[in-house]
Amino acid sequence: MISSKEYKIPQIRLSYVSDHAAEYKKATSSKETADFIRSTYQEGEIEYRESFRVVYLNRANRILGFQTISEGGTSATVVDNKMIFAGALLFNAHSIIMCHNHPSGNLIPSPEDDIITRKAKSAGEILNIRVLDHLIISAYGYYSYNDEGRL
């Protein structure tokens, strides 16, 4: 029998460590979630450049945490489903809410936003991780794919 000690092969060890007491906020509406994710930005950051973040939820829709997937320029950022769902798997999330900002303040989804949403929803279905919403936020408003019946 060959043991892993005979080969120099990396091993992955997974663990979830929260650095905060269990003060999980429940995601009960798109407005509350938009307000939560808006609070994760530093002052002026929403209007500066586009970034894509994901909120990870447990089965009771309590927020386990969030992750910044990417930061881009003034009009776009790259979104990689592998990064979205790697985070979901590490958090052992039951569902996710995707969110990105439009520095221009325009809350209308672009065709690229629609593609990202559709691809993530399909990937989530394969992994049994529900995509509950995709929010587009500005400093003062938000757009919810779920509220608009587009998810």
# chains A, B, ... in the order shown; residues from 1 in each chain; ligands from 1
$ closest_atom_pairs --of "segment 31-76 of chain A" --to "segment 91-115 of chain A" --cutoff "8 Å" --atoms "only C-alpha atoms" --output "JSON lines"
{"residue": "A:Ile37", "atom": "CA", "partner": "A:Cys99", "partner_atom": "CA", "distance": 7.7}
{"residue": "A:Ile46", "atom": "CA", "partner": "A:Pro103", "partner_atom": "CA", "distance": 5.8}
{"residue": "A:Glu47", "atom": "CA", "partner": "A:Pro103", "partner_atom": "CA", "distance": 4.1}
{"residue": "A:Tyr48", "atom": "CA", "partner": "A:Pro103", "partner_atom": "CA", "distance": 5.8}
{"residue": "A:Arg49", "atom": "CA", "partner": "A:Pro103", "partner_atom": "CA", "distance": 5.8}
{"residue": "A:Glu50", "atom": "CA", "partner": "A:Asn101", "partner_atom": "CA", "distance": 5.5}
{"residue": "A:Ser51", "atom": "CA", "partner": "A:His100", "partner_atom": "CA", "distance": 5.6}
{"residue": "A:Phe52", "atom": "CA", "partner": "A:His100", "partner_atom": "CA", "distance": 4.3}
{"residue": "A:Arg53", "atom": "CA", "partner": "A:Cys99", "partner_atom": "CA", "distance": 5.2}
{"residue": "A:Val54", "atom": "CA", "partner": "A:Met98", "partner_atom": "CA", "distance": 4.5}
{"residue": "A:Val55", "atom": "CA", "partner": "A:Ile97", "partner_atom": "CA", "distance": 5.1}
{"residue": "A:Tyr56", "atom": "CA", "partner": "A:Ile96", "partner_atom": "CA", "distance": 4.7}
{"residue": "A:Leu57", "atom": "CA", "partner": "A:Ser95", "partner_atom": "CA", "distance": 5.3}
{"residue": "A:Asn58", "atom": "CA", "partner": "A:His94", "partner_atom": "CA", "distance": 5.0}
{"residue": "A:Arg59", "atom": "CA", "partner": "A:His94", "partner_atom": "CA", "distance": 5.3}
{"residue": "A:Asn61", "atom": "CA", "partner": "A:Ser95", "partner_atom": "CA", "distance": 7.7}
{"residue": "A:Leu64", "atom": "CA", "partner": "A:Phe91", "partner_atom": "CA", "distance": 7.0}
{"residue": "A:Gly65", "atom": "CA", "partner": "A:Phe91", "partner_atom": "CA", "distance": 7.9}
{"residue": "A:Thr74", "atom": "CA", "partner": "A:Pro103", "partner_atom": "CA", "distance": 6.3}
{"residue": "A:Ser75", "atom": "CA", "partner": "A:His102", "partner_atom": "CA", "distance": 7.2}
$ write_last_selection --atoms "N, CA and C atoms" --output "JSON list (two decimals), in the first residue's frame"
[["chain", "number", "residue", "atom", "x", "y", "z"],
["A", 37, "ILE", "N", -24.97, 44.99, 2.73],
["A", 37, "ILE", "CA", -23.80, 44.94, 1.84],
["A", 37, "ILE", "C", -23.25, 46.35, 1.63],
["A", 46, "ILE", "N", -18.34, 52.98, -3.05],
["A", 46, "ILE", "CA", -19.41, 52.54, -3.96],
["A", 46, "ILE", "C", -19.40, 53.36, -5.24],
["A", 47, "GLU", "N", -19.07, 54.63, -5.14],
["A", 47, "GLU", "CA", -19.08, 55.51, -6.31],
["A", 47, "GLU", "C", -17.73, 55.56, -7.02],
["A", 48, "TYR", "N", -16.75, 54.83, -6.52],
["A", 48, "TYR", "CA", -15.40, 54.90, -7.07],
["A", 48, "TYR", "C", -15.13, 53.84, -8.13],
["A", 49, "ARG", "N", -15.33, 52.58, -7.77],
["A", 49, "ARG", "CA", -15.11, 51.49, -8.72],
["A", 49, "ARG", "C", -16.05, 50.35, -8.44],
["A", 50, "GLU", "N", -16.25, 49.53, -9.47],
["A", 50, "GLU", "CA", -17.18, 48.41, -9.35],
["A", 50, "GLU", "C", -16.53, 47.25, -8.61],
["A", 51, "SER", "N", -17.31, 46.65, -7.72],
["A", 51, "SER", "CA", -16.84, 45.44, -7.04],
["A", 51, "SER", "C", -18.00, 44.47, -6.91],
["A", 52, "PHE", "N", -17.67, 43.19, -6.84],
["A", 52, "PHE", "CA", -18.67, 42.13, -6.78],
["A", 52, "PHE", "C", -18.49, 41.39, -5.47],
["A", 53, "ARG", "N", -19.56, 41.30, -4.71],
["A", 53, "ARG", "CA", -19.53, 40.65, -3.40],
["A", 53, "ARG", "C", -20.62, 39.60, -3.31],
["A", 54, "VAL", "N", -20.40, 38.62, -2.46],
["A", 54, "VAL", "CA", -21.38, 37.57, -2.25],
["A", 54, "VAL", "C", -21.64, 37.42, -0.76],
["A", 55, "VAL", "N", -22.92, 37.33, -0.41],
["A", 55, "VAL", "CA", -23.33, 37.09, 0.96],
["A", 55, "VAL", "C", -23.70, 35.61, 1.05],
["A", 56, "TYR", "N", -23.14, 34.92, 2.03],
["A", 56, "TYR", "CA", -23.36, 33.48, 2.22],
["A", 56, "TYR", "C", -24.33, 33.27, 3.38],
["A", 57, "LEU", "N", -25.33, 32.43, 3.16],
["A", 57, "LEU", "CA", -26.40, 32.23, 4.13],
["A", 57, "LEU", "C", -26.53, 30.78, 4.55],
["A", 58, "ASN", "N", -26.97, 30.56, 5.78],
["A", 58, "ASN", "CA", -27.26, 29.20, 6.22],
["A", 58, "ASN", "C", -28.71, 28.85, 5.85],
["A", 59, "ARG", "N", -29.16, 27.70, 6.27],
["A", 59, "ARG", "CA", -30.51, 27.22, 5.91],
["A", 59, "ARG", "C", -31.61, 28.14, 6.43],
["A", 61, "ASN", "N", -31.43, 31.35, 6.50],
["A", 61, "ASN", "CA", -31.17, 32.65, 5.87],
["A", 61, "ASN", "C", -30.42, 33.62, 6.79],
["A", 64, "LEU", "N", -23.85, 34.10, 7.16],
["A", 64, "LEU", "CA", -22.63, 33.47, 7.68],
["A", 64, "LEU", "C", -21.43, 34.38, 7.47],
["A", 65, "GLY", "N", -21.46, 35.16, 6.40],
["A", 65, "GLY", "CA", -20.37, 36.06, 6.07],
["A", 65, "GLY", "C", -20.52, 36.54, 4.65],
["A", 74, "THR", "N", -14.26, 51.53, -13.34],
["A", 74, "THR", "CA", -15.46, 52.34, -13.16],
["A", 74, "THR", "C", -16.69, 51.73, -13.81],
["A", 75, "SER", "N", -16.51, 50.76, -14.71],
["A", 75, "SER", "CA", -17.68, 50.23, -15.41],
["A", 75, "SER", "C", -17.76, 48.71, -15.49]]
$ select_by_dssp --residues "chain A" --states "strand (DSSP E)" --output "ChimeraX atom specification"
/A:51-57,63-71,95-101,130-137,142-144
$ atom_distance --atom1 "atom CA of Ser70 of chain A" --atom2 "atom CA of Gly149 of chain A"
26.0 Å
$ atom_distance --atom1 "atom CA of Gly141 of chain A" --atom2 "atom CA of Glu32 of chain A"
11.7 Å
$ atom_distance --atom1 "atom CA of Asn128 of chain A" --atom2 "atom CA of Phe85 of chain A"
10.7 Å
$ closest_residue --among "A:Ser30, A:Glu6, A:Phe66, A:Ala76" --to "Leu132 of chain A" --atoms "only C-alpha atoms"
A:Ser30
$ closest_residue --among "A:Lys8, A:Ala123, A:Thr117, A:Gln67" --to "Ile136 of chain A" --atoms "only C-alpha atoms"
A:Thr117
$ select_by_dssp --residues "chain A" --states "alpha helix (DSSP H)" --output "ChimeraX atom specification"
/A:30-38,81-91,111-127
